[in-house]
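Dumped structure18.cif below, it's mmCIF, C-alpha atoms:
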data_structure
loop_
_atom_site.label_atom_id
_atom_site.label_comp_id
_atom_site.auth_asym_id
_atom_site.auth_seq_id
_atom_site.Cartn_x
_atom_site.Cartn_y
_atom_site.Cartn_z
CA MET M 1 114.70 -228.72 30.81
CA ILE M 2 116.50 -226.36 28.44
CA PHE M 3 113.15 -225.03 27.22
CA LEU M 4 112.06 -224.19 30.75
CA ILE M 5 115.31 -222.34 31.40
CA LEU M 6 115.00 -220.34 28.18
CA GLU M 7 111.38 -219.55 28.96
CA HIS M 8 112.32 -218.33 32.44
CA ILE M 9 115.14 -216.17 31.09
CA LEU M 10 113.06 -214.59 28.32
CA THR M 11 110.14 -213.70 30.61
CA HIS M 12 112.38 -211.97 33.14
CA ILE M 13 114.41 -210.17 30.48
CA SER M 14 111.27 -208.82 28.82
CA PHE M 15 109.83 -207.75 32.17
CA SER M 16 113.06 -205.95 33.09
CA ILE M 17 113.23 -204.19 29.73
CA VAL M 18 109.63 -202.97 29.98
CA SER M 19 110.36 -201.63 33.47
CA ILE M 20 113.35 -199.72 32.12
CA VAL M 21 111.29 -198.40 29.19
CA ILE M 22 108.66 -196.98 31.55
CA THR M 23 111.40 -195.31 33.60
CA ILE M 24 112.77 -193.77 30.40
CA TYR M 25 109.33 -192.43 29.49
CA LEU M 26 109.02 -190.82 32.91
CA ILE M 27 112.40 -189.16 32.48
CA THR M 28 111.75 -187.96 28.92
CA SER M 29 108.36 -186.58 29.96
CA LEU M 30 110.18 -184.28 32.38
CA VAL M 31 113.28 -183.57 30.26
CA HIS M 32 112.29 -183.26 26.61
CA GLU M 33 115.81 -182.63 25.32
CA ILE M 34 117.14 -186.13 25.99
CA VAL M 35 116.67 -187.65 22.55
CA GLY M 36 119.03 -190.57 23.14
CA LEU M 37 116.90 -191.92 25.96
CA TYR M 38 113.81 -191.89 23.78
CA ASP M 39 115.63 -193.86 21.08
CA SER M 40 116.63 -196.35 23.77
CA ALA M 41 112.97 -196.75 24.74
CA LYS M 42 112.15 -197.58 21.13
CA LYS M 43 114.83 -200.25 21.00
CA GLY M 44 113.66 -201.57 24.37
CA LEU M 45 110.11 -202.11 23.12
CA ILE M 46 111.40 -203.95 20.08
CA ALA M 47 113.59 -206.15 22.30
CA THR M 48 110.58 -206.85 24.54
CA PHE M 49 108.54 -207.91 21.53
CA PHE M 50 111.18 -210.40 20.40
CA CYS M 51 111.66 -211.77 23.93
CA ILE M 52 107.95 -212.48 24.39
CA THR M 53 107.78 -213.87 20.85
CA GLY M 54 110.62 -216.23 21.71
CA PHE M 55 108.81 -217.28 24.87
CA LEU M 56 105.61 -218.08 22.96
CA VAL M 57 107.49 -220.04 20.28
CA ILE M 58 109.39 -222.09 22.86
CA ARG M 59 106.20 -222.74 24.80
CA TRP M 60 104.49 -223.82 21.60
CA ILE M 61 107.31 -226.22 20.66
CA TYR M 62 107.63 -228.17 23.89
CA SER M 63 103.92 -228.13 24.83
CA GLY M 64 102.78 -229.24 21.39
CA HIS M 65 99.88 -226.79 21.24
CA PHE M 66 99.33 -223.07 20.77
CA PRO M 67 100.16 -221.35 24.10
CA LEU M 68 96.68 -220.12 25.00
CA SER M 69 95.40 -222.93 27.22
CA ASN M 70 95.31 -221.15 30.60
CA LEU M 71 95.40 -217.73 32.23
CA TYR M 72 99.21 -217.59 32.46
CA GLU M 73 99.70 -218.23 28.75
CA SER M 74 96.92 -215.83 27.79
CA LEU M 75 98.47 -213.09 29.94
CA MET M 76 101.81 -213.56 28.18
CA PHE M 77 100.02 -213.46 24.83
CA LEU M 78 98.24 -210.31 26.00
CA SER M 79 101.62 -208.76 26.85
CA TRP M 80 102.85 -209.73 23.40
CA SER M 81 99.79 -208.03 21.87
CA PHE M 82 100.46 -204.93 23.94
CA SER M 83 104.06 -204.84 22.71
CA ILE M 84 102.84 -204.83 19.09
CA ILE M 85 100.43 -201.96 19.74
CA ASN M 86 103.08 -200.04 21.69
CA MET M 87 105.41 -200.14 18.68
CA VAL M 88 102.79 -198.70 16.31
CA PRO M 89 103.19 -195.07 17.53
CA PHE M 90 106.84 -195.15 16.48
CA PHE M 91 105.65 -195.15 12.88
CA THR M 92 103.52 -192.02 13.43
CA ASN M 93 104.28 -188.38 14.03
CA HIS M 94 103.00 -188.47 17.63
CA LYS M 95 105.18 -191.18 19.07
CA LYS M 96 105.86 -190.04 22.58
CA ASN M 97 102.40 -189.14 23.82
CA LEU M 98 100.73 -192.34 22.68
CA SER M 99 103.42 -194.77 23.85
CA ALA M 100 103.72 -193.13 27.26
CA ILE M 101 100.04 -193.93 27.86
CA THR M 102 99.91 -197.49 26.53
CA VAL M 103 103.29 -198.91 27.63
CA PRO M 104 102.40 -199.31 31.36
CA SER M 105 99.69 -201.81 30.40
CA ALA M 106 102.38 -204.28 29.30
CA ILE M 107 104.27 -204.23 32.58
CA PHE M 108 101.13 -204.73 34.67
CA THR M 109 99.96 -207.78 32.72
CA GLN M 110 103.40 -209.32 32.49
CA GLY M 111 104.14 -208.53 36.12
CA PHE M 112 101.03 -210.38 37.21
CA ALA M 113 101.79 -213.29 34.89
CA THR M 114 105.24 -213.75 36.42
CA SER M 115 104.03 -213.27 40.00
CA GLY M 116 103.67 -216.11 42.47
CA LEU M 117 99.89 -216.31 42.02
CA LEU M 118 100.16 -218.26 38.77
CA THR M 119 103.04 -220.60 39.68
CA GLU M 120 101.06 -223.78 39.04
CA MET M 121 99.91 -222.57 35.62
CA ARG M 122 103.46 -222.04 34.42
CA GLN M 123 103.83 -225.79 34.06
CA SER M 124 102.74 -226.86 30.60
CA THR M 125 100.03 -229.54 30.62
CA LYS M 126 98.00 -231.40 28.04
CA LEU M 127 94.96 -229.69 26.65
CA VAL M 128 91.62 -230.55 28.18
CA PRO M 129 89.25 -232.22 25.68
CA ALA M 130 87.25 -229.01 25.20
CA LEU M 131 90.37 -227.22 23.91
CA GLN M 132 91.59 -229.94 21.58
CA SER M 133 90.38 -228.21 18.46
CA GLN M 134 91.77 -226.23 15.55
CA TRP M 135 89.51 -223.39 16.65
CA LEU M 136 91.71 -222.73 19.69
CA MET M 137 94.20 -220.59 17.82
CA MET M 138 91.54 -218.71 15.86
CA HIS M 139 89.10 -217.99 18.67
CA VAL M 140 91.35 -217.32 21.65
CA SER M 141 93.99 -215.37 19.74
CA MET M 142 91.34 -213.08 18.26
CA MET M 143 89.78 -212.52 21.67
CA VAL M 144 93.08 -211.69 23.38
CA LEU M 145 94.15 -209.42 20.53
CA SER M 146 90.81 -207.63 20.83
CA TYR M 147 91.30 -207.21 24.59
CA ALA M 148 94.73 -205.65 24.00
CA ALA M 149 93.50 -203.23 21.33
CA LEU M 150 90.35 -202.27 23.23
CA LEU M 151 92.27 -201.74 26.47
CA CYS M 152 94.84 -199.51 24.77
CA GLY M 153 92.12 -197.54 22.99
CA SER M 154 90.22 -197.15 26.25
CA LEU M 155 93.37 -195.94 27.99
CA LEU M 156 93.75 -193.25 25.35
CA SER M 157 90.14 -192.21 25.95
CA ILE M 158 90.73 -192.07 29.71
CA ALA M 159 93.77 -189.87 29.09
CA LEU M 160 91.59 -187.65 26.90
CA LEU M 161 89.10 -187.21 29.74
CA VAL M 162 91.84 -186.43 32.25
CA ILE M 163 93.37 -183.78 30.01
CA THR M 164 89.99 -182.31 29.04
CA PHE M 165 88.75 -181.83 32.59
CA ARG M 166 92.08 -180.66 33.92
CA LYS M 167 91.74 -177.15 35.29
CA ASN M 168 93.63 -174.76 33.07
CA GLY M 169 93.32 -171.01 32.74
CA GLU M 170 91.18 -170.02 29.81
CA ILE M 171 91.87 -166.94 27.76
CA PHE M 172 89.06 -164.92 26.34
CA CYS M 173 89.99 -162.06 24.06
CA LYS M 174 87.23 -159.74 23.06
CA ARG M 175 86.83 -156.12 22.23
CA LYS M 176 84.65 -153.99 24.46
CA SER M 177 84.50 -150.20 24.46
CA ASN M 178 87.65 -150.04 22.30
CA HIS M 179 89.50 -151.98 25.03
CA PHE M 180 90.90 -155.47 24.57
CA LEU M 181 90.00 -157.80 27.44
CA ILE M 182 92.54 -160.54 28.20
CA GLY M 183 91.25 -162.86 30.88
CA SER M 184 89.88 -160.48 33.48
CA VAL M 185 92.34 -157.64 32.73
CA SER M 186 91.57 -154.76 30.35
CA LEU M 187 94.56 -153.32 28.50
CA GLY M 188 92.88 -149.96 28.61
CA GLU M 189 93.13 -150.00 32.39
CA ILE M 190 96.87 -150.74 32.39
CA GLN M 191 99.02 -147.65 32.22
CA ASP M 192 102.51 -149.16 32.53
CA VAL M 193 104.00 -150.35 29.22
CA ASN M 194 106.03 -153.08 30.95
CA GLU M 195 102.91 -154.36 32.63
CA ILE M 196 101.16 -154.53 29.26
CA ASN M 197 104.08 -156.51 27.82
CA ASN M 198 103.98 -158.95 30.72
CA VAL M 199 100.25 -159.48 30.28
CA LEU M 200 100.67 -160.06 26.54
CA GLN M 201 103.51 -162.54 27.11
CA ASN M 202 101.47 -164.47 29.66
CA THR M 203 98.50 -164.42 27.31
CA PHE M 204 100.57 -165.83 24.46
CA PHE M 205 101.98 -168.57 26.70
CA ILE M 206 98.57 -169.67 27.98
CA SER M 207 97.07 -169.50 24.49
CA PHE M 208 99.88 -171.66 23.14
CA ARG M 209 99.38 -174.11 25.99
CA ASN M 210 95.67 -174.33 25.30
CA TYR M 211 96.35 -174.85 21.59
CA HIS M 212 98.81 -177.65 22.39
CA LYS M 213 96.20 -179.16 24.72
CA TYR M 214 93.60 -179.00 21.94
CA GLN M 215 95.97 -180.74 19.51
CA LEU M 216 96.76 -183.46 22.05
CA ILE M 217 93.06 -184.08 22.69
CA GLN M 218 92.42 -184.39 18.96
CA GLN M 219 95.28 -186.87 18.61
CA LEU M 220 94.04 -188.99 21.51
CA ASP M 221 90.49 -188.92 20.17
CA CYS M 222 91.62 -189.96 16.69
CA TRP M 223 93.93 -192.75 17.80
CA SER M 224 91.57 -194.14 20.43
CA CYS M 225 88.92 -194.47 17.71
CA ARG M 226 91.35 -196.21 15.36
CA VAL M 227 92.63 -198.67 17.95
CA ILE M 228 89.15 -199.43 19.32
CA SER M 229 87.82 -199.97 15.78
CA LEU M 230 90.58 -202.52 15.19
CA GLY M 231 89.87 -204.20 18.51
CA PHE M 232 86.15 -204.30 17.75
CA ILE M 233 86.86 -206.18 14.52
CA PHE M 234 89.01 -208.70 16.40
CA LEU M 235 86.30 -209.06 19.06
CA THR M 236 83.60 -209.68 16.47
CA VAL M 237 85.69 -212.32 14.70
CA GLY M 238 86.54 -213.91 18.04
CA ILE M 239 82.91 -214.13 19.15
CA LEU M 240 81.76 -215.55 15.82
CA SER M 241 84.53 -218.16 15.71
CA GLY M 242 83.78 -219.02 19.33
CA ALA M 243 80.13 -219.58 18.47
CA VAL M 244 81.07 -221.99 15.70
CA TRP M 245 83.48 -223.80 18.02
CA ALA M 246 80.83 -223.97 20.75
CA ASN M 247 78.39 -225.58 18.34
CA GLU M 248 80.95 -228.25 17.49
CA ALA M 249 81.96 -228.89 21.11
CA TRP M 250 78.70 -228.41 23.04
CA GLY M 251 76.01 -228.58 20.36
CA SER M 252 74.88 -224.97 20.76
CA TYR M 253 76.13 -221.69 19.31
CA TRP M 254 75.39 -219.71 22.48
CA ASN M 255 74.93 -220.87 26.08
CA TRP M 256 74.92 -217.60 28.08
CA ASP M 257 77.56 -218.72 30.54
CA PRO M 258 79.41 -215.87 32.37
CA LYS M 259 82.23 -215.57 29.81
CA GLU M 260 79.88 -215.41 26.85
CA THR M 261 77.55 -212.97 28.62
CA TRP M 262 80.32 -210.53 29.46
CA ALA M 263 81.80 -210.87 25.98
CA PHE M 264 78.43 -209.82 24.60
CA ILE M 265 78.28 -206.89 27.04
CA THR M 266 81.78 -205.85 25.95
CA TRP M 267 80.78 -206.03 22.30
CA THR M 268 77.66 -203.95 22.99
CA ILE M 269 79.58 -201.24 24.86
CA PHE M 270 82.06 -200.72 22.06
CA ALA M 271 79.33 -200.95 19.43
CA ILE M 272 77.73 -198.01 21.24
CA TYR M 273 81.10 -196.24 21.25
CA LEU M 274 81.47 -196.64 17.48
CA HIS M 275 77.90 -195.45 17.03
CA THR M 276 78.68 -192.26 18.97
CA ARG M 277 81.59 -191.67 16.61
CA THR M 278 79.15 -191.33 13.71
CA THR M 279 77.51 -188.30 15.35
CA GLN M 280 79.57 -185.12 15.43
CA LYS M 281 78.04 -183.87 18.68
CA LEU M 282 78.83 -187.10 20.53
CA GLN M 283 82.47 -187.30 19.50
CA GLY M 284 85.24 -186.40 21.93
CA VAL M 285 84.25 -186.41 25.58
CA ASN M 286 80.98 -188.32 25.19
CA SER M 287 82.50 -191.17 23.22
CA ALA M 288 85.52 -191.21 25.57
CA ILE M 289 83.19 -191.75 28.54
CA VAL M 290 81.71 -194.82 26.83
CA ALA M 291 85.20 -196.17 26.07
CA SER M 292 86.23 -195.59 29.70
CA MET M 293 83.30 -197.70 30.81
CA GLY M 294 84.46 -200.34 28.36
CA PHE M 295 87.88 -200.41 30.04
CA LEU M 296 86.32 -201.78 33.23
CA ILE M 297 84.01 -204.14 31.34
CA ILE M 298 86.95 -205.72 29.49
CA TRP M 299 88.77 -206.55 32.71
CA ILE M 300 85.61 -208.11 34.13
CA CYS M 301 85.17 -210.17 30.97
CA TYR M 302 88.80 -211.25 30.70
CA PHE M 303 89.95 -211.53 34.30
CA GLY M 304 86.99 -211.14 36.64
CA VAL M 305 85.06 -214.10 35.22
CA ASN M 306 88.14 -216.29 35.71
CA LEU M 307 88.02 -215.55 39.43
CA LEU M 308 84.58 -217.16 39.60
CA GLY M 309 85.77 -220.43 38.08
CA ILE M 310 82.27 -221.34 36.89
CA GLY M 311 80.66 -221.90 33.52
CA LEU M 312 81.82 -223.63 30.37
CA HIS M 313 85.02 -221.55 30.28
CA SER M 314 86.14 -222.50 33.81
CA TYR M 315 89.28 -224.24 32.46
CA GLY M 316 90.84 -220.79 32.15
CA SER M 317 90.31 -219.93 35.82
CA PHE M 318 92.73 -220.15 38.69
CA THR M 319 92.42 -220.65 42.41
CA LEU M 320 94.42 -219.09 45.22
CA THR M 321 95.80 -221.83 47.41
CA SER M 322 96.89 -221.35 51.00
CA ASN M 323 99.25 -223.41 53.08
#

Turn the structure described in the file into structure tokens.
Amino acid sequence: MIFLILEHILTHISFSIVSIVITIYLITSLVHEIVGLYDSAKKGLIATFFCITGFLVIRWIYSGHFPLSNLYESLMFLSWSFSIINMVPFFTNHKKNLSAITVPSAIFTQGFATSGLLTEMRQSTKLVPALQSQWLMMHVSMMVLSYAALLCGSLLSIALLVITFRKNGEIFCKRKSNHFLIGSVSLGEIQDVNEINNVLQNTFFISFRNYHKYQLIQQLDCWSCRVISLGFIFLTVGILSGAVWANEAWGSYWNWDPKETWAFITWTIFAIYLHTRTTQKLQGVNSAIVASMGFLIIWICYFGVNLLGIGLHSYGSFTLTSN
């Protein structure tokens, strides 16, 4: 009983802290001078990590198996994986921008895990025969870690696309007939000195904004590639270990059930993404489009297939019951 109480407390504390952290990010995105709030967000993410870690350890102790046997436990493990990735930007020089994009993913997954839809799955049960293997920890943990990394990397790519296609004024400076053209205004046509100063000030501001936008796009492009590359490694290891486990359990390395099929599609999409990164012309927007497609594919593979409740992986599904 004490374990259930501790588990309940830790899940709600971590969910509350993540909610507060997101609120802090919204405030600091509007008011950049509040440094104390940003430090509080950092401490909040660390506290969330330890709360979810405590939950997983407690669940592991009283259930007697690694807590990845159903959708509820995998969602909590996914939130734990998100919390690790969300803390990584604090060790870089671009902390705020990256964390503000990836942190909301943790609250959505944990919010759904603690919702009323998965009430029955919160009760720890014995493992079904198909899961009573040492491969459970290796295969499922690698797959969930890959989902977390690929989702975060895809979110960074989506943010890159949003910022890239956002309508901003572009400044073109060129010399024509001994006149400097700034935007659509020629300095040679402006007679008032104050008006010239105003135009130059506006030009400097917009140029600085465009330069900052360019830097942000480069950061998002770089970090999305790094995170997706890590997730792709996890996904590859997870699929290979799953194939070995499948051969032991079902006598075949690959059976093309819905989960395996969508895992292969996910692997293919991000293999294409990494291939585009090897070509200079396809980097940036083109590769980000592929990663954005992968964002949807991951959710279909991880969550959508569970809604069907069919195939060899149906033990991870859930059903919506009505009174």

Excluding Trp267 of chain M and any residue of its chain fewer than 4 positions from it, enumerate the residues within 9 Å of it, using only C-alpha atoms, and give them as an NGL selection string.
:M and (232 or 235-236 or 239 or 262-263 or 271-272)

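In this comparison, which uses only C-alpha atoms, the residue of M:Ser81, M:Ser154, M:Thr114, M:Gln215 approaching Ile101 of chain M most closely is M:Ser154.
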
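Using all atoms listed in the file, the smallest distance between any of M:Trp223, M:Trp80, M:Trp256, M:Phe270 and Val18 of chain M comes from M:Trp80.
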
Could you tell me which residues the PyMOL selection byres ((chain M and resi 224) around 7) grabs in this file, written as a PyMOL selection string?
chain M and resi 153-154+156-157+220-223+225-228

For the residues selected in the previous step, produce a file with C-alpha atoms as a compact mmCIF listing (two decimals), in the coordinates of the input.
# COMPACT_ATOMS: atom_id res chain seq x y z
CA GLY M 153 92.12 -197.54 22.99
CA SER M 154 90.22 -197.15 26.25
CA LEU M 156 93.75 -193.25 25.35
CA SER M 157 90.14 -192.21 25.95
CA LEU M 220 94.04 -188.99 21.51
CA ASP M 221 90.49 -188.92 20.17
CA CYS M 222 91.62 -189.96 16.69
CA TRP M 223 93.93 -192.75 17.80
CA CYS M 225 88.92 -194.47 17.71
CA ARG M 226 91.35 -196.21 15.36
CA VAL M 227 92.63 -198.67 17.95
CA ILE M 228 89.15 -199.43 19.32

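Going from atom CA of Met137 of chain M to atom CA of Phe49 of chain M covers 19.5 Å.
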
Gly238 of chain M environment, 10 Å, all atoms listed in the file, sequence neighbours closer than 4 positions dropped, as a list in words
Met138, His139, Val140, Ser141, Met142, Met143, Val144, Leu145, Ser146, Phe232, Ile233, Phe234, Gly242, Ala243 and Ala263 of chain M

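Among the candidate residues M:Val244, M:Leu308, M:Ile17, M:Leu161, the one lying nearest to Gln218 of chain M is M:Leu161, with distances computed using all atoms listed in the file.
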
Polymer residues at most 12 Å from Cys51 of chain M, all atoms listed in the file, same-chain spacing of 5 or more positions, as an mmCIF file with C-alpha atoms, keeping the file's coordinate frame:
data_model
loop_
_atom_site.group_PDB
_atom_site.id
_atom_site.type_symbol
_atom_site.label_atom_id
_atom_site.label_comp_id
_atom_site.auth_asym_id
_atom_site.auth_seq_id
_atom_site.Cartn_x
_atom_site.Cartn_y
_atom_site.Cartn_z
ATOM 1 C CA LEU M 6 115.000 -220.340 28.180
ATOM 2 C CA GLU M 7 111.380 -219.550 28.960
ATOM 3 C CA HIS M 8 112.320 -218.330 32.440
ATOM 4 C CA ILE M 9 115.140 -216.170 31.090
ATOM 5 C CA LEU M 10 113.060 -214.590 28.320
ATOM 6 C CA THR M 11 110.140 -213.700 30.610
ATOM 7 C CA HIS M 12 112.380 -211.970 33.140
ATOM 8 C CA ILE M 13 114.410 -210.170 30.480
ATOM 9 C CA SER M 14 111.270 -208.820 28.820
ATOM 10 C CA PHE M 15 109.830 -207.750 32.170
ATOM 11 C CA SER M 16 113.060 -205.950 33.090
ATOM 12 C CA ILE M 17 113.230 -204.190 29.730
ATOM 13 C CA VAL M 18 109.630 -202.970 29.980
ATOM 14 C CA GLY M 44 113.660 -201.570 24.370
ATOM 15 C CA LEU M 45 110.110 -202.110 23.120
ATOM 16 C CA ILE M 46 111.400 -203.950 20.080
ATOM 17 C CA LEU M 56 105.610 -218.080 22.960
ATOM 18 C CA VAL M 57 107.490 -220.040 20.280
ATOM 19 C CA ILE M 58 109.390 -222.090 22.860
ATOM 20 C CA MET M 76 101.810 -213.560 28.180
ATOM 21 C CA PHE M 77 100.020 -213.460 24.830
ATOM 22 C CA SER M 79 101.620 -208.760 26.850
ATOM 23 C CA TRP M 80 102.850 -209.730 23.400
ATOM 24 C CA SER M 83 104.060 -204.840 22.710
#

Could you jot down the atom CA of Gly284 of chain M to atom CA of Tyr25 of chain M separation for me, Å, one decimal place?
26.0 Å
